[in-house]
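Here the structure comes first, spelled out in structure tokens, and everything after it is commentary.
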There are 2 protein chains.
Amino acid sequence: MRIDIWSDLSCPWCYVGKARFAKAVERFAHGEEVEVRHRSFELDPGRGTEVVEPVVAMLTGKYGMSERQAREGEERLKELAAAEGLEYRVEGRDHGGTFDIHRVLHLAADRGLAERAWQAFYVANFAEEASLFSRDRIVAVAVGAGLDRGEVVGVLDDPVAYRDAVRADEAEAASLGATGVPFFVIDGRYGVSGAQPSEVFVQALEKAWDEREKGFPVLGGADGEGACGMDGRGAPSGR
Amino acid sequence: MRIDIWSDLSCPWCYVGKARFAKAVERFAHGEEVEVRHRSFELDPGRGTEVVEPVVAMLTGKYGMSERQAREGEERLKELAAAEGLEYRVEGRDHGGTFDIHRVLHLAADRGLAERAWQAFYVANFAEEASLFSRDRIVAVAVGAGLDRGEVVGVLDDPVAYRDAVRADEAEAASLGATGVPFFVIDGRYGVSGAQPSEVFVQALEKAWDEREKGFPVLGGADGEGACGMDGRGAPSGR
């Protein structure tokens with residue numbers, strides 16, 4: 001069963017939601033059948049990677065919060081993250097553009113390292129002291145997740161590498177009506193918007209599984225003209 | 001829109017069905033959105049690659065046809081193949097096990113060469129004079145489709161390479177109730193069994209597209225708690 005998850009590295013709800021969803025998969029009876037595909041979504045698509053400002057300044061500026069509101073919101077996210085076993089630094093985090101990181105994450109997906117790389121970038125952004133938003137740091141985090149340094153540098157040096165893949169993910173999110181993240185699509189049947197409690201994800205997984213078990217209509221039969229059968233039931237008539 | 005196609009290289013209806021489906025995609029208004037995934041299905045899973053017999057002998061033996069029935073069936077398939085612009089040799093073709101070829105086809109999929117490799121193996125089996133069922137020939141066809149010779153030999157030398165991928169494809173086909181091939185699953189919504197006329201595939205594609213356009217229910221909203229919004233609509237409440 002395929003789950004598409006649109007997220008941004010700069011979104012604390014995506015960081016929390018990823019952990020809540022992972023717990024749901026553990027609790028879901030068919031968790032081993034779940035195949036996750038991480039999809040790109042930039043919350044701040046016009047911003048370059050190294051155009052950086054402190055998170056609190058971004059919240060008071062872009063979103064018009066008071067500094068107190070911004071800090072209280074961050075403290076609350078820290079508590080919610082802690083409830084999922086995640087570290088979350090309230091002070092000193094930076095906000096920057098994530099386009100280059102999404103391009104590197106598409107490279108990671110091609111190398112079978114998407115899961116590790118997404119988690120590594122989240123941890124680097126939300127839990128570690130160094131700012132994520134520099135080229136050296138992006139390379140270091142990607143290499144730490146198992147990617148080849150030369151390949152990562154190659155992607156960062158080539159502004160069109162995986163550009164269309166990021167844009168295609170974003171176009172698909174828009175076509176599905178997603179205006180925020182995290183945004184989950186379960187087996188192409190159900191959408192879940194936001195970092196819902198694990199229980200909600202479990203229910204959505206179960207509902208999608210039941211739908212899948214019902215099967216789908218099949219046109220034509222294996223025993224007639226036009227098919228090769230496995231054990232002679234189909235082949236003599238078919239051939 | 002994703003289409004899964006289960007087939008076997010030794011199945012003439014799969015060879016014909018692939019061409020009919022390709023024509024349907026050309027005629028389908030959203031053909032450029034179609035993403036095909038070729039899946040493995042062995043019609044004769046107990047047979048080793050180099051355990052070979054002439055096709056007519058296989059049909060008279062395994063399926064109990066008279067030699068005349070077998071030849072007439074093959075002549076008819078030649079006509080149907082010709083109608084799709086495909087060459088088809090009635091005389092001198094071999095029947096053999098396809099497990100190793102399926103393993104190489106999974107390698108091809110990992111290298112982005114699945115479409116080319118499937119077509120190359122079909123042509124090698126149905127249109128060309130040399131038997132497909134020898135190790136040297138499998139390597140030659142795979143290399144001709146763009147694969148790296150060392151990688152192909154590596155897969156053939158390692159009996160477990162892509163074994164589980166082939167078995168997983170077959171288990172999924174069984175779980176969907178497929179007892180013959182070709183077997184198409186369109187967007188996880190509709191099955192089509194057998195090499196149906198292109199028109200039938202077009203209708204199935206259109207029906208699946210309409211279903212997709214209807215969208216799906218989304219739980220939760222991007223503007224509430226738990227999501228980061230793209231332009232301030234979601235983030236202040238969400239954060």
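Here's how to read the names in the structure tokens: chain A, B, ... by the order shown, residue numbers from 1 in each chain, ligand numbers from 1 in the order shown.
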Next item on the list: For chain B, list the residues within 8 Å of chain A, counting only C-alpha atoms, and write the list as an MDAnalysis selection string.
Entry: chainID B and resid 11:14 42:44 62:63 65 73:74 77 176 178:182 188:196 215:223 225:232 234:236 239
Next item on the list: Check the DSSP output for the backbone and give back, as a PyMOL selection string, the residues of stretch 25-213 of chain A in strand (DSSP E).
Entry: chain A and resi 35-40+53-54+94-95+180-181+183-186+190-193
Checklist line | Minimum-distance residue to A:Arg47, chosen among A:Phe133, A:Tyr88, A:Phe121, A:Phe28 (using only C-alpha atoms) | finding: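 Ranked by minimum distance to A:Arg47, first place goes to A:Phe133.
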Please, can I see chain A fitted onto chain B by all in-order Cα atoms (least squares), as a tab-separated table (two decimals) with C-alpha atoms, in the first residue's frame?
chain	number	residue	atom	x	y	z
A	1	MET	CA	-1.63	7.43	-13.44
A	2	ARG	CA	0.09	4.16	-12.76
A	3	ILE	CA	-0.49	1.01	-14.79
A	4	ASP	CA	0.89	-2.32	-13.60
A	5	ILE	CA	1.25	-4.92	-16.34
A	6	TRP	CA	1.95	-8.54	-15.42
A	7	SER	CA	3.36	-10.51	-18.35
A	8	ASP	CA	5.66	-13.31	-19.35
A	9	LEU	CA	8.22	-13.18	-22.14
A	10	SER	CA	7.02	-16.53	-23.43
A	11	CYS	CA	3.40	-15.38	-23.80
A	12	PRO	CA	2.45	-14.29	-27.33
A	13	TRP	CA	-0.67	-12.53	-26.03
A	14	CYS	CA	1.54	-10.41	-23.79
A	15	TYR	CA	3.62	-9.41	-26.82
A	16	VAL	CA	0.48	-8.46	-28.76
A	17	GLY	CA	-1.21	-6.93	-25.71
A	18	LYS	CA	1.75	-4.66	-25.00
A	19	ALA	CA	1.42	-3.15	-28.48
A	20	ARG	CA	-2.36	-2.79	-28.19
A	21	PHE	CA	-1.99	-1.11	-24.83
A	22	ALA	CA	0.68	1.26	-26.20
A	23	LYS	CA	-1.71	2.33	-28.96
A	24	ALA	CA	-4.39	2.98	-26.36
A	25	VAL	CA	-2.02	5.21	-24.40
A	26	GLU	CA	-1.31	7.17	-27.60
A	27	ARG	CA	-5.02	7.68	-28.14
A	28	PHE	CA	-5.78	8.45	-24.49
A	29	ALA	CA	-6.03	12.21	-23.86
A	30	HIS	CA	-3.83	12.00	-20.74
A	31	GLY	CA	-1.34	9.51	-22.14
A	32	GLU	CA	1.61	11.59	-20.97
A	33	GLU	CA	0.46	11.03	-17.38
A	34	VAL	CA	0.59	7.25	-17.73
A	35	GLU	CA	3.44	5.56	-15.89
A	36	VAL	CA	3.80	1.85	-16.70
A	37	ARG	CA	5.36	-0.64	-14.33
A	38	HIS	CA	6.13	-4.05	-15.82
A	39	ARG	CA	5.62	-6.92	-13.41
A	40	SER	CA	6.85	-10.51	-13.50
A	41	PHE	CA	4.66	-13.54	-14.12
A	42	GLU	CA	6.05	-16.95	-15.10
A	43	LEU	CA	3.74	-19.22	-17.05
A	44	ASP	CA	6.04	-22.16	-16.45
A	45	PRO	CA	7.66	-21.43	-13.09
A	46	GLY	CA	9.28	-24.82	-12.57
A	47	ARG	CA	11.30	-24.70	-15.77
A	48	GLY	CA	14.94	-23.61	-15.89
A	49	THR	CA	16.03	-21.06	-18.47
A	50	GLU	CA	17.96	-23.55	-20.56
A	51	VAL	CA	15.39	-26.34	-20.37
A	52	VAL	CA	14.19	-25.71	-23.87
A	53	GLU	CA	11.82	-27.34	-26.33
A	54	PRO	CA	10.29	-26.16	-29.58
A	55	VAL	CA	7.07	-24.18	-29.06
A	56	VAL	CA	4.97	-26.54	-31.16
A	57	ALA	CA	6.22	-29.55	-29.16
A	58	MET	CA	5.36	-27.71	-25.94
A	59	LEU	CA	1.84	-27.00	-27.20
A	60	THR	CA	1.21	-30.57	-28.30
A	61	GLY	CA	2.75	-31.96	-25.11
A	62	LYS	CA	1.76	-29.66	-22.24
A	63	TYR	CA	-1.55	-28.55	-23.72
A	64	GLY	CA	-2.50	-31.69	-25.62
A	65	MET	CA	-3.11	-29.97	-28.95
A	66	SER	CA	-2.71	-31.73	-32.26
A	67	GLU	CA	0.24	-30.49	-34.26
A	68	ARG	CA	-2.19	-28.98	-36.74
A	69	GLN	CA	-4.08	-27.10	-34.01
A	70	ALA	CA	-0.78	-25.79	-32.61
A	71	ARG	CA	0.39	-24.56	-36.02
A	72	GLU	CA	-2.97	-22.96	-36.80
A	73	GLY	CA	-2.93	-21.16	-33.46
A	74	GLU	CA	0.56	-19.89	-34.14
A	75	GLU	CA	-0.43	-18.74	-37.65
A	76	ARG	CA	-3.35	-16.85	-36.19
A	77	LEU	CA	-1.10	-15.16	-33.59
A	78	LYS	CA	1.24	-14.20	-36.43
A	79	GLU	CA	-1.67	-12.42	-38.15
A	80	LEU	CA	-2.75	-10.65	-34.96
A	81	ALA	CA	0.84	-9.60	-34.29
A	82	ALA	CA	1.18	-8.33	-37.86
A	83	ALA	CA	-1.95	-6.22	-37.35
A	84	GLU	CA	-0.04	-4.47	-34.55
A	85	GLY	CA	3.05	-4.05	-36.71
A	86	LEU	CA	4.92	-6.86	-34.94
A	87	GLU	CA	6.99	-9.61	-36.49
A	88	TYR	CA	6.17	-13.14	-35.33
A	89	ARG	CA	8.04	-16.30	-36.30
A	90	VAL	CA	5.84	-19.38	-36.38
A	91	GLU	CA	8.63	-21.86	-37.07
A	92	GLY	CA	11.66	-22.63	-34.96
A	93	ARG	CA	10.82	-20.71	-31.81
A	94	ASP	CA	11.79	-22.23	-28.49
A	95	HIS	CA	9.93	-22.42	-25.21
A	96	GLY	CA	11.98	-22.15	-22.03
A	97	GLY	CA	11.90	-20.92	-18.45
A	98	THR	CA	11.85	-17.16	-17.97
A	99	PHE	CA	12.86	-16.81	-14.33
A	100	ASP	CA	16.37	-15.53	-15.10
A	101	ILE	CA	15.01	-13.11	-17.69
A	102	HIS	CA	12.56	-11.71	-15.15
A	103	ARG	CA	15.45	-11.20	-12.72
A	104	VAL	CA	17.36	-9.26	-15.40
A	105	LEU	CA	14.21	-7.25	-16.14
A	106	HIS	CA	14.07	-6.17	-12.50
A	107	LEU	CA	17.67	-4.96	-12.84
A	108	ALA	CA	16.55	-3.05	-15.94
A	109	ALA	CA	13.74	-1.43	-13.97
A	110	ASP	CA	16.24	-0.28	-11.34
A	111	ARG	CA	18.31	1.29	-14.11
A	112	GLY	CA	15.32	3.05	-15.71
A	113	LEU	CA	15.47	0.71	-18.72
A	114	ALA	CA	12.42	-1.50	-18.11
A	115	GLU	CA	10.48	-0.42	-21.17
A	116	ARG	CA	13.40	-0.91	-23.54
A	117	ALA	CA	14.40	-4.21	-21.99
A	118	TRP	CA	10.92	-5.76	-22.05
A	119	GLN	CA	10.50	-4.82	-25.70
A	120	ALA	CA	13.97	-6.12	-26.57
A	121	PHE	CA	13.28	-9.50	-24.92
A	122	TYR	CA	9.90	-9.82	-26.65
A	123	VAL	CA	11.42	-9.06	-30.03
A	124	ALA	CA	14.29	-11.47	-29.34
A	125	ASN	CA	11.83	-14.22	-28.46
A	126	PHE	CA	9.12	-13.74	-31.04
A	127	ALA	CA	10.75	-12.07	-34.03
A	128	GLU	CA	14.38	-13.14	-34.18
A	129	GLU	CA	15.82	-16.37	-35.40
A	130	ALA	CA	18.13	-17.18	-32.50
A	131	SER	CA	16.58	-18.83	-29.45
A	132	LEU	CA	16.18	-16.51	-26.48
A	133	PHE	CA	16.82	-19.30	-24.02
A	134	SER	CA	20.54	-19.32	-23.45
A	135	ARG	CA	22.67	-17.35	-21.07
A	136	ASP	CA	24.73	-15.72	-23.84
A	137	ARG	CA	21.62	-14.61	-25.66
A	138	ILE	CA	20.03	-13.15	-22.50
A	139	VAL	CA	23.19	-11.16	-21.85
A	140	ALA	CA	23.33	-9.96	-25.46
A	141	VAL	CA	19.70	-8.83	-25.50
A	142	ALA	CA	20.05	-7.05	-22.14
A	143	VAL	CA	23.23	-5.26	-23.25
A	144	GLY	CA	21.47	-4.32	-26.49
A	145	ALA	CA	18.77	-2.68	-24.38
A	146	GLY	CA	21.38	-0.53	-22.67
A	147	LEU	CA	22.22	-2.53	-19.55
A	148	ASP	CA	25.75	-2.91	-18.28
A	149	ARG	CA	27.21	-6.31	-19.19
A	150	GLY	CA	28.91	-6.75	-15.84
A	151	GLU	CA	25.71	-6.02	-13.94
A	152	VAL	CA	23.71	-8.46	-16.08
A	153	VAL	CA	26.28	-11.22	-15.63
A	154	GLY	CA	26.34	-10.43	-11.91
A	155	VAL	CA	22.58	-10.99	-11.66
A	156	LEU	CA	22.71	-14.22	-13.67
A	157	ASP	CA	25.62	-15.51	-11.56
A	158	ASP	CA	23.80	-14.81	-8.30
A	159	PRO	CA	20.72	-17.04	-8.08
A	160	VAL	CA	19.11	-14.90	-5.38
A	161	ALA	CA	19.56	-11.53	-7.13
A	162	TYR	CA	16.06	-10.12	-7.70
A	163	ARG	CA	14.59	-13.51	-6.86
A	164	ASP	CA	12.38	-12.01	-4.16
A	165	ALA	CA	11.33	-9.19	-6.47
A	166	VAL	CA	10.07	-11.72	-9.04
A	167	ARG	CA	8.34	-13.74	-6.33
A	168	ALA	CA	6.75	-10.61	-4.85
A	169	ASP	CA	5.32	-9.66	-8.26
A	170	GLU	CA	3.90	-13.16	-8.65
A	171	ALA	CA	2.45	-13.18	-5.14
A	172	GLU	CA	0.73	-9.88	-5.83
A	173	ALA	CA	-0.70	-11.21	-9.11
A	174	ALA	CA	-2.04	-14.23	-7.25
A	175	SER	CA	-3.55	-12.02	-4.56
A	176	LEU	CA	-5.36	-10.09	-7.30
A	177	GLY	CA	-6.76	-13.31	-8.72
A	178	ALA	CA	-4.72	-13.27	-11.94
A	179	THR	CA	-4.35	-16.78	-13.37
A	180	GLY	CA	-3.23	-15.68	-16.82
A	181	VAL	CA	-1.39	-12.88	-18.56
A	182	PRO	CA	-1.23	-10.18	-19.74
A	183	PHE	CA	-2.96	-8.73	-16.68
A	184	PHE	CA	-3.30	-4.95	-16.38
A	185	VAL	CA	-4.18	-2.95	-13.27
A	186	ILE	CA	-5.09	0.63	-14.06
A	187	ASP	CA	-4.45	3.12	-11.26
A	188	GLY	CA	-5.27	0.43	-8.70
A	189	ARG	CA	-8.92	0.81	-9.69
A	190	TYR	CA	-9.61	-1.46	-12.66
A	191	GLY	CA	-8.20	-4.73	-13.86
A	192	VAL	CA	-8.04	-5.79	-17.49
A	193	SER	CA	-7.26	-9.42	-18.23
A	194	GLY	CA	-5.92	-10.44	-21.61
A	195	ALA	CA	-4.79	-8.68	-24.77
A	196	GLN	CA	-8.01	-6.77	-25.25
A	197	PRO	CA	-8.54	-4.49	-28.27
A	198	SER	CA	-6.99	-1.03	-27.87
A	199	GLU	CA	-10.47	0.47	-27.61
A	200	VAL	CA	-11.14	-1.48	-24.42
A	201	PHE	CA	-7.92	-0.18	-22.90
A	202	VAL	CA	-8.80	3.39	-23.89
A	203	GLN	CA	-12.17	3.06	-22.16
A	204	ALA	CA	-10.59	1.63	-19.02
A	205	LEU	CA	-8.01	4.45	-18.96
A	206	GLU	CA	-10.74	7.05	-19.38
A	207	LYS	CA	-12.88	5.55	-16.66
A	208	ALA	CA	-9.96	5.40	-14.23
A	209	TRP	CA	-9.04	8.99	-15.10
A	210	ASP	CA	-12.57	10.19	-14.38
A	211	GLU	CA	-12.52	8.42	-11.02
A	212	ARG	CA	-9.20	10.05	-10.22
A	213	GLU	CA	-10.52	13.49	-11.17
A	214	LYS	CA	-13.31	13.07	-8.68
A	215	GLY	CA	-10.61	13.20	-6.04
A	216	PHE	CA	-10.84	11.62	-2.62
A	217	PRO	CA	-11.97	12.63	0.83
A	218	VAL	CA	-9.43	14.60	2.86
A	219	LEU	CA	-9.44	14.41	6.61
A	220	GLY	CA	-8.35	17.57	8.41
A	221	GLY	CA	-7.80	20.97	6.89
A	222	ALA	CA	-4.67	22.87	6.00
A	223	ASP	CA	-5.88	25.91	7.89
A	224	GLY	CA	-6.20	24.33	11.30
A	225	GLU	CA	-3.81	23.26	13.99
A	226	GLY	CA	-1.25	20.79	12.82
A	227	ALA	CA	-0.27	22.13	9.41
A	228	CYS	CA	2.10	24.70	7.98
A	229	GLY	CA	0.45	26.79	5.28
A	230	MET	CA	2.09	28.05	2.17
A	231	ASP	CA	1.29	31.72	2.26
A	232	GLY	CA	0.25	32.57	5.76
A	233	ARG	CA	-3.26	31.25	5.44
A	234	GLY	CA	-2.36	28.15	7.37
A	235	ALA	CA	0.70	29.01	9.36
A	236	PRO	CA	-0.51	31.56	11.92
A	237	SER	CA	-3.27	29.31	13.21
A	238	GLY	CA	-1.24	26.19	12.62
A	239	ARG	CA	1.81	27.53	14.45
